[in-house]
file coords_26.cif (mmCIF, C-alpha atoms and all ligand atoms)
data_data
loop_
_atom_site.label_atom_id
_atom_site.label_comp_id
_atom_site.auth_asym_id
_atom_site.auth_seq_id
_atom_site.Cartn_x
_atom_site.Cartn_y
_atom_site.Cartn_z
CA LEU A 286 78.87 73.32 72.44
CA SER A 287 77.72 76.45 74.31
CA LEU A 288 80.25 79.23 74.75
CA GLU A 289 80.19 78.56 78.48
CA SER A 290 81.17 74.90 78.15
CA ALA A 291 83.74 75.77 75.49
CA LEU A 292 85.22 78.24 77.97
CA ARG A 293 85.17 75.69 80.77
CA ARG A 294 87.06 73.31 78.50
CA GLY A 295 89.38 76.12 77.39
CA LEU A 296 90.32 76.87 80.99
CA ALA A 297 91.09 73.18 81.61
CA GLN A 298 93.11 72.93 78.39
CA ASN A 299 95.28 75.96 79.06
CA GLU A 300 93.81 78.14 76.34
CA LEU A 301 93.66 81.26 78.53
CA GLU A 302 96.51 83.78 78.47
CA LEU A 303 97.36 86.87 80.48
CA TRP A 304 98.58 89.90 78.56
CA TYR A 305 100.15 92.91 80.21
CA GLN A 306 99.69 96.62 79.59
CA PRO A 307 102.32 98.95 81.11
CA LYS A 308 101.30 101.65 83.57
CA VAL A 309 103.61 104.65 83.56
CA ASP A 310 104.42 107.70 85.61
CA LEU A 311 103.09 110.39 83.25
CA ALA A 312 105.62 113.10 84.09
CA SER A 313 108.71 110.93 83.60
CA GLY A 314 107.39 108.20 81.31
CA GLU A 315 108.87 105.59 83.69
CA LEU A 316 107.18 102.21 83.92
CA CYS A 317 105.55 101.69 87.33
CA GLY A 318 103.62 98.48 86.82
CA ALA A 319 101.18 96.73 84.53
CA GLU A 320 97.57 95.66 84.26
CA ALA A 321 97.04 91.97 83.51
CA LEU A 322 94.33 91.46 80.88
CA ILE A 323 92.92 88.07 79.98
CA ARG A 324 92.71 86.61 76.45
CA TRP A 325 91.35 83.29 75.21
CA ARG A 326 93.31 81.57 72.46
CA HIS A 327 90.50 79.52 70.96
CA PRO A 328 91.64 76.70 68.64
CA GLN A 329 89.16 77.72 65.89
CA ARG A 330 88.20 81.32 66.62
CA GLY A 331 91.69 82.63 67.31
CA LEU A 332 92.35 85.22 70.00
CA VAL A 333 89.08 86.07 71.76
CA PRO A 334 88.94 89.38 73.69
CA PRO A 335 87.57 89.41 77.25
CA ASP A 336 84.45 91.41 76.33
CA GLU A 337 83.29 88.32 74.43
CA PHE A 338 83.67 85.80 77.24
CA ILE A 339 84.05 87.46 80.66
CA PRO A 340 80.33 88.44 80.73
CA ILE A 341 79.44 84.78 80.06
CA ALA A 342 81.78 83.60 82.79
CA GLU A 343 80.26 86.21 85.13
CA ASP A 344 76.82 84.65 84.64
CA SER A 345 78.05 81.45 86.25
CA SER A 346 80.48 80.20 88.85
CA LEU A 347 83.06 79.91 86.06
CA ILE A 348 84.24 83.43 86.85
CA ILE A 349 85.43 82.16 90.24
CA ALA A 350 87.66 79.52 88.62
CA ILE A 351 88.87 81.97 85.96
CA GLY A 352 89.52 84.62 88.61
CA GLU A 353 91.63 82.16 90.59
CA TRP A 354 93.52 81.23 87.42
CA VAL A 355 94.19 84.93 86.73
CA LEU A 356 95.50 85.59 90.25
CA HIS A 357 97.67 82.49 90.23
CA THR A 358 99.06 83.17 86.75
CA ALA A 359 99.84 86.83 87.47
CA CYS A 360 101.57 85.96 90.76
CA ARG A 361 103.55 83.09 89.26
CA GLN A 362 104.68 85.40 86.45
CA LEU A 363 105.66 88.17 88.86
CA ARG A 364 107.61 85.65 90.95
CA ARG A 365 109.60 84.66 87.84
CA TRP A 366 110.33 88.28 86.94
CA ARG A 367 111.47 89.07 90.46
CA ASP A 368 113.68 85.97 90.50
CA ALA A 369 115.28 87.20 87.25
CA ASP A 370 115.87 90.65 88.83
CA LEU A 371 113.37 92.27 86.47
CA ARG A 372 111.52 95.10 88.15
CA ALA A 373 107.94 94.84 86.96
CA GLY A 374 106.48 97.09 89.65
CA ARG A 375 102.99 96.38 90.83
CA ILE A 376 100.80 94.02 88.83
CA ALA A 377 97.06 94.75 88.71
CA VAL A 378 94.39 92.13 88.10
CA ASN A 379 90.71 92.73 87.43
CA VAL A 380 88.26 91.23 89.91
CA SER A 381 84.57 90.64 89.12
CA GLY A 382 81.67 91.25 91.48
CA ARG A 383 80.88 87.57 91.91
CA GLN A 384 84.42 86.87 93.13
CA PHE A 385 83.79 89.30 95.98
CA LYS A 386 80.36 87.90 96.77
CA TYR A 387 80.97 84.16 96.62
CA GLY A 388 84.58 83.61 95.76
CA GLY A 389 86.31 83.79 99.13
CA ILE A 390 88.52 86.43 97.57
CA VAL A 391 90.39 87.31 100.75
CA GLU A 392 91.51 83.73 101.40
CA THR A 393 92.34 83.16 97.72
CA VAL A 394 94.52 86.27 97.59
CA ARG A 395 96.25 85.44 100.87
CA GLN A 396 96.97 81.85 99.73
CA THR A 397 98.16 82.87 96.27
CA LEU A 398 100.61 85.47 97.61
CA GLN A 399 101.92 82.94 100.10
CA THR A 400 102.31 80.18 97.51
CA HIS A 401 104.46 82.45 95.37
CA GLY A 402 106.29 84.13 98.24
CA LEU A 403 105.22 87.62 97.19
CA PRO A 404 104.77 90.70 99.38
CA SER A 405 101.19 91.90 99.26
CA GLU A 406 102.17 95.42 98.10
CA CYS A 407 103.15 94.12 94.66
CA LEU A 408 99.59 93.04 93.89
CA GLU A 409 96.81 95.41 92.89
CA LEU A 410 93.14 94.50 92.59
CA GLU A 411 90.95 96.54 90.25
CA VAL A 412 87.25 96.50 91.00
CA THR A 413 84.79 98.47 88.89
CA GLU A 414 83.02 101.45 90.38
CA SER A 415 79.60 99.82 89.98
CA VAL A 416 80.69 96.67 91.84
CA ALA A 417 82.40 98.62 94.60
CA MET A 418 79.28 100.74 95.12
CA ASP A 419 76.63 98.04 94.59
CA GLU A 420 77.51 95.65 97.33
CA GLY A 421 77.05 98.07 100.17
CA GLU A 422 78.37 97.24 103.62
CA ALA A 423 79.36 93.66 102.75
CA MET A 424 81.67 95.05 100.10
CA THR A 425 83.27 97.48 102.51
CA GLY A 426 84.04 94.59 104.85
CA VAL A 427 85.78 92.53 102.18
CA LEU A 428 87.72 95.54 100.92
CA ARG A 429 88.82 96.30 104.48
CA GLN A 430 90.13 92.74 104.93
CA LEU A 431 92.03 93.03 101.66
CA GLN A 432 93.44 96.36 102.76
CA GLN A 433 94.59 94.75 106.03
CA LEU A 434 96.27 92.06 103.98
CA GLY A 435 98.22 94.88 102.34
CA VAL A 436 97.19 94.53 98.72
CA TYR A 437 96.64 97.73 96.73
CA LEU A 438 93.01 98.42 95.81
CA SER A 439 91.74 100.59 93.02
CA ILE A 440 88.37 101.52 91.57
CA ASP A 441 88.22 100.84 87.85
CA ASP A 442 86.20 102.77 85.25
CA PHE A 443 85.73 105.62 87.71
CA GLY A 444 83.15 108.17 86.61
CA THR A 445 80.90 105.72 84.76
CA GLY A 446 78.94 104.55 87.84
CA TYR A 447 77.09 106.69 90.31
CA SER A 448 79.36 107.03 93.30
CA SER A 449 78.08 108.62 96.41
CA LEU A 450 81.03 110.70 97.51
CA SER A 451 80.36 110.05 101.19
CA TYR A 452 80.47 106.31 100.50
CA LEU A 453 83.61 106.69 98.39
CA LYS A 454 85.21 108.49 101.30
CA ARG A 455 84.59 105.47 103.55
CA LEU A 456 85.77 102.87 101.04
CA PRO A 457 89.21 101.52 101.99
CA VAL A 458 90.76 101.93 98.53
CA HIS A 459 94.07 103.44 97.48
CA GLY A 460 93.32 104.79 94.04
CA LEU A 461 90.94 105.61 91.20
CA LYS A 462 91.27 104.81 87.52
CA ILE A 463 89.68 107.53 85.39
CA ASP A 464 87.58 105.78 82.77
CA ARG A 465 88.96 106.05 79.26
CA SER A 466 85.68 107.48 77.91
CA PHE A 467 86.63 110.80 79.59
CA ILE A 468 90.24 110.71 78.39
CA MET A 469 89.42 109.84 74.77
CA ASP A 470 88.31 113.36 73.72
CA LEU A 471 90.10 115.33 76.42
CA HIS A 472 91.98 117.35 73.80
CA LYS A 473 88.76 118.61 72.18
CA ASP A 474 85.74 118.19 74.48
CA SER A 475 85.20 120.79 77.21
CA ASP A 476 82.77 118.54 79.15
CA ASP A 477 85.42 115.84 79.38
CA VAL A 478 87.92 118.47 80.53
CA ALA A 479 85.52 119.53 83.29
CA ILE A 480 84.76 115.95 84.38
CA THR A 481 88.42 114.93 84.39
CA ARG A 482 89.37 117.99 86.44
CA ALA A 483 86.56 117.18 88.89
CA ILE A 484 87.70 113.55 89.28
CA ILE A 485 91.31 114.66 89.83
CA SER A 486 90.12 117.14 92.43
CA ILE A 487 88.01 114.50 94.25
CA ALA A 488 90.99 112.13 94.32
CA HIS A 489 93.27 114.84 95.69
CA SER A 490 90.72 115.79 98.37
CA LEU A 491 90.28 112.18 99.48
CA GLY A 492 94.01 111.39 99.29
CA LEU A 493 93.60 108.82 96.52
CA ASP A 494 96.11 107.94 93.80
CA LEU A 495 95.07 108.34 90.17
CA VAL A 496 95.60 106.43 86.95
CA ALA A 497 94.20 107.73 83.66
CA GLU A 498 93.12 105.00 81.24
CA GLY A 499 93.26 105.19 77.46
CA VAL A 500 96.01 107.81 77.08
CA GLU A 501 96.56 107.86 73.31
CA ARG A 502 98.00 111.32 72.58
CA PRO A 503 100.69 113.65 73.95
CA GLU A 504 98.10 116.43 74.50
CA GLN A 505 96.17 114.15 76.85
CA ARG A 506 99.32 113.35 78.80
CA ASP A 507 100.25 117.04 79.02
CA PHE A 508 96.80 117.96 80.32
CA LEU A 509 96.88 115.17 82.91
CA VAL A 510 100.38 116.08 84.13
CA ALA A 511 99.44 119.78 84.34
CA HIS A 512 96.38 118.93 86.45
CA GLY A 513 98.12 116.56 88.83
CA CYS A 514 97.25 113.06 87.60
CA GLN A 515 100.38 110.99 88.32
CA SER A 516 99.95 107.82 86.28
CA GLY A 517 98.43 106.51 83.11
CA GLN A 518 98.16 103.70 80.65
CA GLY A 519 97.16 103.62 77.03
CA TYR A 520 98.17 103.11 73.43
CA PHE A 521 100.40 106.23 73.53
CA TYR A 522 102.71 104.17 75.72
CA SER A 523 101.86 100.62 74.81
CA ARG A 524 99.08 98.24 73.91
CA PRO A 525 98.54 95.17 76.07
CA MET A 526 101.15 92.55 75.09
CA PRO A 527 101.93 88.89 75.78
CA ALA A 528 104.06 88.11 78.85
CA GLU A 529 107.18 87.42 76.74
CA ALA A 530 106.96 90.85 75.09
CA PHE A 531 106.47 92.59 78.43
CA GLU A 532 109.49 90.70 79.72
CA GLN A 533 111.56 92.00 76.77
CA LEU A 534 110.49 95.51 77.69
CA LEU A 535 111.64 94.92 81.28
CA ARG A 536 114.99 93.57 80.06
CA HIS A 537 115.71 96.46 77.69
CA ARG A 538 114.76 99.18 80.14
CA ARG A 539 117.68 101.35 81.37
O1 LIG B 601 91.80 93.93 77.37
P1 LIG B 601 90.50 94.60 77.02
O2 LIG B 601 90.55 96.09 76.92
O3 LIG B 601 89.87 94.01 75.78
O4 LIG B 601 89.51 94.25 78.25
C1 LIG B 601 88.16 94.49 78.14
C2 LIG B 601 87.48 94.29 79.46
O5 LIG B 601 87.71 93.00 80.01
C3 LIG B 601 87.93 95.27 80.51
O6 LIG B 601 86.75 95.81 81.08
C4 LIG B 601 88.64 94.47 81.52
O7 LIG B 601 88.43 94.99 82.82
C5 LIG B 601 88.01 93.10 81.37
N1 LIG B 601 88.99 92.09 81.77
C6 LIG B 601 90.20 91.89 81.23
N2 LIG B 601 90.87 90.92 81.88
C7 LIG B 601 90.06 90.51 82.89
C8 LIG B 601 90.19 89.54 83.94
O8 LIG B 601 91.22 88.87 84.10
N3 LIG B 601 89.14 89.39 84.78
C9 LIG B 601 88.01 90.13 84.67
N4 LIG B 601 87.03 89.90 85.53
N5 LIG B 601 87.85 91.06 83.71
C10 LIG B 601 88.87 91.25 82.83
O1 LIG B 602 87.77 98.06 81.61
P1 LIG B 602 89.23 98.06 81.82
O2 LIG B 602 89.70 99.40 82.21
O3 LIG B 602 89.77 97.00 82.69
O4 LIG B 602 89.81 97.78 80.39
C1 LIG B 602 91.04 98.04 79.95
C2 LIG B 602 90.83 97.92 78.46
O5 LIG B 602 91.18 99.14 77.81
C3 LIG B 602 91.63 96.83 77.82
O6 LIG B 602 90.79 96.09 76.99
C4 LIG B 602 92.65 97.58 76.97
O7 LIG B 602 92.95 96.84 75.79
C5 LIG B 602 91.91 98.86 76.64
N1 LIG B 602 92.80 99.96 76.40
C6 LIG B 602 93.94 100.23 77.05
N2 LIG B 602 94.53 101.36 76.60
C7 LIG B 602 93.71 101.83 75.63
C8 LIG B 602 93.78 102.97 74.78
O8 LIG B 602 94.69 103.80 74.83
N3 LIG B 602 92.75 103.14 73.92
C9 LIG B 602 91.71 102.26 73.84
N4 LIG B 602 90.76 102.52 72.95
N5 LIG B 602 91.62 101.18 74.63
C10 LIG B 602 92.60 100.96 75.50
NA NA B 603 90.73 97.10 84.58
MN MN B 604 88.84 100.48 83.32
#

call {"tool": "encode", "arguments": {"input": "coords_26.cif", "output": "structure tokens"}}
result
Amino acid sequence: LSLESALRRGLAQNELELWYQPKVDLASGELCGAEALIRWRHPQRGLVPPDEFIPIAEDSSLIIAIGEWVLHTACRQLRRWRDADLRAGRIAVNVSGRQFKYGGIVETVRQTLQTHGLPSECLELEVTESVAMDEGEAMTGVLRQLQQLGVYLSIDDFGTGYSSLSYLKRLPVHGLKIDRSFIMDLHKDSDDVAITRAIISIAHSLGLDLVAEGVERPEQRDFLVAHGCQSGQGYFYSRPMPAEAFEQLLRHRR
């Protein structure tokens, strides 16, 4: 069985799971939302991380079906938390390039929010810098429709692609996620300090929100707070966790 057909079967047999990693306000440490991250609970291989199967799904139309499953699952989960008076904040899902190109993403998002009776502001879509920049004008159009729908849009892995700043300025997005490769050695690498300061400054100039990825140490948080990066996520706060564990965290908060 090829990995692709195993994955197709896995999707049909409910082997996919969404885990959640908290996003926090760095200055206060308060939870402000979470990123949903997919996992595959394979009957023989155990828990398979997304790096091992998302690229395969992206080579076929399977990523469209998986992407729809992710959106539906995240929205259904958020609906349940809201019904239980648990304030989860905004939930972010990752969206692949092919979903934008062929997936009818705007209609899927509209339908999914409607099905679960959710306001669009509680959903965030993360699209990588390379995808956002690659697709040119077609991409801008889709992002604009999503913006009109009211969902929150952010550029993932920012700093790893090759953004034209004039194009970035015209992209209808709300925020940037600073790639974790720059945050990793922030406490000891002066190049990473310079790059991170430059990204923060670009975001401030363009009026974009910021999230730092991969915050693992208090020194990194302190640097980010001192330089005006509002939010972050990373092992310093929490690893990604199953929905039940994230729900416990919501229950025990305050
Ligand atoms: O959770 P982890 O750090 O192992 O994720 C690794 C990569 O997999 C990240 O780049 C992340 O963006 C990607 N990924 C995780 N969940 C999803 C998903 O639901 N859809 C897509 N397209 N990518 C995902
Ligand atoms: O590519 P994307 O940014 O979507 O991926 C998020 C990935 O980063 C997830 O696989 C998540 O497990 C991982 N991650 C989140 N926080 C940290 C961290 O503090 N350190 C490291 N090394 N990885 C992290
Ligand atoms: Na992401
Ligand atoms: Mn990222």

call {"tool": "closest_atom_pairs", "arguments": {"input": "coords_26.cif", "of": "range 329-415 of chain A", "to": "range 435-458 of chain A", "cutoff": "12 Å", "atoms": "only C-alpha atoms", "output": "Markdown table"}}
result
| residue | atom | partner | partner_atom | distance |
| --- | --- | --- | --- | --- |
| A:Arg375 | CA | A:Tyr437 | CA | 8.8 |
| A:Ile376 | CA | A:Tyr437 | CA | 9.7 |
| A:Ala377 | CA | A:Tyr437 | CA | 8.6 |
| A:Val378 | CA | A:Leu438 | CA | 10.0 |
| A:Asn379 | CA | A:Asp441 | CA | 8.5 |
| A:Val380 | CA | A:Asp441 | CA | 9.8 |
| A:Ser381 | CA | A:Asp441 | CA | 10.9 |
| A:Ile390 | CA | A:Val436 | CA | 11.9 |
| A:Val391 | CA | A:Val436 | CA | 10.1 |
| A:Val394 | CA | A:Val436 | CA | 8.8 |
| A:Arg395 | CA | A:Val436 | CA | 9.4 |
| A:Thr397 | CA | A:Val436 | CA | 12.0 |
| A:Leu398 | CA | A:Val436 | CA | 9.7 |
| A:Leu403 | CA | A:Val436 | CA | 10.7 |
| A:Pro404 | CA | A:Gly435 | CA | 8.3 |
| A:Ser405 | CA | A:Val436 | CA | 4.8 |
| A:Glu406 | CA | A:Val436 | CA | 5.1 |
| A:Cys407 | CA | A:Val436 | CA | 7.2 |
| A:Leu408 | CA | A:Val436 | CA | 5.6 |
| A:Glu409 | CA | A:Tyr437 | CA | 4.5 |
| A:Leu410 | CA | A:Leu438 | CA | 5.1 |
| A:Glu411 | CA | A:Ser439 | CA | 5.0 |
| A:Val412 | CA | A:Ile440 | CA | 5.2 |
| A:Thr413 | CA | A:Asp441 | CA | 4.3 |
| A:Glu414 | CA | A:Ile440 | CA | 5.5 |
| A:Ser415 | CA | A:Gly446 | CA | 5.2 |

call {"tool": "closest_residue", "arguments": {"input": "coords_26.cif", "among": "A:Met526, A:Leu371, A:Val478, A:Leu286", "to": "ligand LIG 601 (chain B)", "atoms": "all atoms listed in the file"}}
result
A:Met526

call {"tool": "residues_around", "arguments": {"input": "coords_26.cif", "residues": "Asn299 in chain A", "least_positions_apart": "2", "cutoff": "12 Å", "atoms": "all atoms listed in the file", "output": "PyMOL selection string"}}
result
chain A and resi 292-297+301-303+324-328+351+354-355+358

call {"tool": "axis_aligned_box", "arguments": {"input": "coords_26.cif", "around": "range 325-328 of chain A", "padding_each_side": "3 Å", "output": "JSON"}}
result
{"center_x": 91.9, "center_y": 80.0, "center_z": 71.9, "size_x": 8.8, "size_y": 12.6, "size_z": 12.6}

call {"tool": "atom_distance", "arguments": {"input": "coords_26.cif", "atom1": "CA of Asp477 in chain A", "atom2": "CA of Glu498 in chain A"}}
result
13.4 Å

call {"tool": "residues_near_ligand", "arguments": {"input": "coords_26.cif", "ligand": "ligand LIG 602 (chain B)", "cutoff": "7 Å", "atoms": "all atoms listed in the file", "output": "PDB file with C-alpha atoms, in the frame of the given file"}}
result
ATOM      1  CA  LEU A 322      94.330  91.460  80.880  1.00  0.00           C
ATOM      2  CA  ASN A 379      90.710  92.730  87.430  1.00  0.00           C
ATOM      3  CA  ASP A 441      88.220 100.840  87.850  1.00  0.00           C
ATOM      4  CA  ASP A 442      86.200 102.770  85.250  1.00  0.00           C
ATOM      5  CA  ASP A 464      87.580 105.780  82.770  1.00  0.00           C
ATOM      6  CA  GLU A 498      93.120 105.000  81.240  1.00  0.00           C
ATOM      7  CA  GLY A 499      93.260 105.190  77.460  1.00  0.00           C
ATOM      8  CA  VAL A 500      96.010 107.810  77.080  1.00  0.00           C
ATOM      9  CA  GLU A 501      96.560 107.860  73.310  1.00  0.00           C
ATOM     10  CA  GLN A 518      98.160 103.700  80.650  1.00  0.00           C
ATOM     11  CA  GLY A 519      97.160 103.620  77.030  1.00  0.00           C
ATOM     12  CA  TYR A 520      98.170 103.110  73.430  1.00  0.00           C
ATOM     13  CA  PHE A 521     100.400 106.230  73.530  1.00  0.00           C
ATOM     14  CA  ARG A 524      99.080  98.240  73.910  1.00  0.00           C
ATOM     15  CA  PRO A 525      98.540  95.170  76.070  1.00  0.00           C
TER      16      PRO A 525
END

call {"tool": "closest_residue", "arguments": {"input": "coords_26.cif", "among": "A:Asp310, A:Glu353, A:Glu315, A:Glu320", "to": "ligand MN 604 (chain B)", "atoms": "only C-alpha atoms and all ligand atoms"}}
result
A:Glu320

call {"tool": "closest_residue", "arguments": {"input": "coords_26.cif", "among": "A:Ile463, A:Ala483, A:Leu356, A:Leu491", "to": "ligand MN 604 (chain B)", "atoms": "only C-alpha atoms and all ligand atoms"}}
result
A:Ile463

call {"tool": "atom_distance", "arguments": {"input": "coords_26.cif", "atom1": "CA of Pro340 in chain A", "atom2": "CA of Thr393 in chain A"}}
result
21.5 Å

call {"tool": "closest_residue", "arguments": {"input": "coords_26.cif", "among": "A:Gly374, A:Leu311, A:Ile348, A:Lys462", "to": "Arg502 in chain A", "atoms": "all atoms listed in the file"}}
result
A:Leu311

call {"tool": "closest_residue", "arguments": {"input": "coords_26.cif", "among": "A:Glu392, A:Asp419, A:Glu504, A:Glu337", "to": "ligand LIG 601 (chain B)", "atoms": "all atoms listed in the file"}}
result
A:Glu337

call {"tool": "closest_residue", "arguments": {"input": "coords_26.cif", "among": "A:Arg465, A:Arg367, A:Lys308, A:Arg429", "to": "ligand LIG 601 (chain B)", "atoms": "only C-alpha atoms and all ligand atoms"}}
result
A:Arg465

call {"tool": "decode", "arguments": {"input": "coords_26.cif", "residues": "range 292-318 of chain A", "atoms": "N, CA and C atoms", "output": "mmCIF file, in the first residue's frame"}}
result
data_model
loop_
_atom_site.group_PDB
_atom_site.id
_atom_site.type_symbol
_atom_site.label_atom_id
_atom_site.label_comp_id
_atom_site.auth_asym_id
_atom_site.auth_seq_id
_atom_site.Cartn_x
_atom_site.Cartn_y
_atom_site.Cartn_z
ATOM 1 N N LEU A 292 -2.993 6.905 3.476
ATOM 2 C CA LEU A 292 -3.484 8.166 4.036
ATOM 3 C C LEU A 292 -4.951 8.393 3.654
ATOM 4 N N ARG A 293 -5.260 8.057 2.404
ATOM 5 C CA ARG A 293 -6.638 8.177 1.937
ATOM 6 C C ARG A 293 -7.557 7.307 2.804
ATOM 7 N N ARG A 294 -7.094 6.093 3.067
ATOM 8 C CA ARG A 294 -7.854 5.177 3.910
ATOM 9 C C ARG A 294 -7.928 5.715 5.350
ATOM 10 N N GLY A 295 -6.779 6.249 5.819
ATOM 11 C CA GLY A 295 -6.726 6.805 7.170
ATOM 12 C C GLY A 295 -7.717 7.941 7.381
ATOM 13 N N LEU A 296 -7.842 8.789 6.371
ATOM 14 C CA LEU A 296 -8.804 9.895 6.439
ATOM 15 C C LEU A 296 -10.228 9.339 6.556
ATOM 16 N N ALA A 297 -10.529 8.329 5.733
ATOM 17 C CA ALA A 297 -11.869 7.733 5.742
ATOM 18 C C ALA A 297 -12.145 7.012 7.065
ATOM 19 N N GLN A 298 -11.103 6.452 7.665
ATOM 20 C CA GLN A 298 -11.288 5.667 8.889
ATOM 21 C C GLN A 298 -11.042 6.475 10.160
ATOM 22 N N ASN A 299 -11.047 7.779 10.030
ATOM 23 C CA ASN A 299 -10.946 8.617 11.228
ATOM 24 C C ASN A 299 -9.636 8.524 11.972
ATOM 25 N N GLU A 300 -8.547 8.295 11.247
ATOM 26 C CA GLU A 300 -7.254 8.178 11.922
ATOM 27 C C GLU A 300 -6.552 9.526 12.097
ATOM 28 N N LEU A 301 -7.090 10.589 11.497
ATOM 29 C CA LEU A 301 -6.465 11.899 11.640
ATOM 30 C C LEU A 301 -6.947 12.575 12.922
ATOM 31 N N GLU A 302 -6.048 13.345 13.535
ATOM 32 C CA GLU A 302 -6.389 14.089 14.751
ATOM 33 C C GLU A 302 -5.891 15.511 14.618
ATOM 34 N N LEU A 303 -6.584 16.444 15.261
ATOM 35 C CA LEU A 303 -6.062 17.806 15.371
ATOM 36 C C LEU A 303 -5.564 18.016 16.778
ATOM 37 N N TRP A 304 -4.312 18.490 16.885
ATOM 38 C CA TRP A 304 -3.746 18.891 18.162
ATOM 39 C C TRP A 304 -3.722 20.420 18.198
ATOM 40 N N TYR A 305 -3.571 20.965 19.392
ATOM 41 C CA TYR A 305 -3.650 22.412 19.531
ATOM 42 C C TYR A 305 -2.439 22.929 20.296
ATOM 43 N N GLN A 306 -1.827 23.980 19.771
ATOM 44 C CA GLN A 306 -0.737 24.638 20.500
ATOM 45 C C GLN A 306 -1.171 26.058 20.875
ATOM 46 N N PRO A 307 -1.142 26.379 22.187
ATOM 47 C CA PRO A 307 -1.556 27.716 22.618
ATOM 48 C C PRO A 307 -0.726 28.820 21.979
ATOM 49 N N LYS A 308 -1.402 29.941 21.697
ATOM 50 C CA LYS A 308 -0.720 31.193 21.354
ATOM 51 C C LYS A 308 -0.969 32.128 22.520
ATOM 52 N N VAL A 309 0.061 32.832 22.954
ATOM 53 C CA VAL A 309 -0.088 33.681 24.136
ATOM 54 C C VAL A 309 0.309 35.122 23.846
ATOM 55 N N ASP A 310 -0.248 36.013 24.662
ATOM 56 C CA ASP A 310 0.220 37.396 24.693
ATOM 57 C C ASP A 310 1.523 37.370 25.481
ATOM 58 N N LEU A 311 2.634 37.785 24.862
ATOM 59 C CA LEU A 311 3.951 37.589 25.478
ATOM 60 C C LEU A 311 4.138 38.415 26.750
ATOM 61 N N ALA A 312 3.590 39.620 26.779
ATOM 62 C CA ALA A 312 3.802 40.476 27.949
ATOM 63 C C ALA A 312 3.077 39.944 29.179
ATOM 64 N N SER A 313 1.854 39.429 28.984
ATOM 65 C CA SER A 313 1.057 38.992 30.137
ATOM 66 C C SER A 313 1.071 37.474 30.317
ATOM 67 N N GLY A 314 1.436 36.737 29.297
ATOM 68 C CA GLY A 314 1.368 35.285 29.357
ATOM 69 C C GLY A 314 -0.030 34.722 29.152
ATOM 70 N N GLU A 315 -1.012 35.613 28.909
ATOM 71 C CA GLU A 315 -2.405 35.181 28.717
ATOM 72 C C GLU A 315 -2.601 34.439 27.399
ATOM 73 N N LEU A 316 -3.383 33.374 27.450
ATOM 74 C CA LEU A 316 -3.735 32.644 26.234
ATOM 75 C C LEU A 316 -4.583 33.514 25.310
ATOM 76 N N CYS A 317 -4.248 33.553 24.021
ATOM 77 C CA CYS A 317 -5.116 34.322 23.111
ATOM 78 C C CYS A 317 -5.652 33.487 21.962
ATOM 79 N N GLY A 318 -5.282 32.238 21.905
ATOM 80 C CA GLY A 318 -5.787 31.384 20.835
ATOM 81 C C GLY A 318 -4.934 30.143 20.728
#
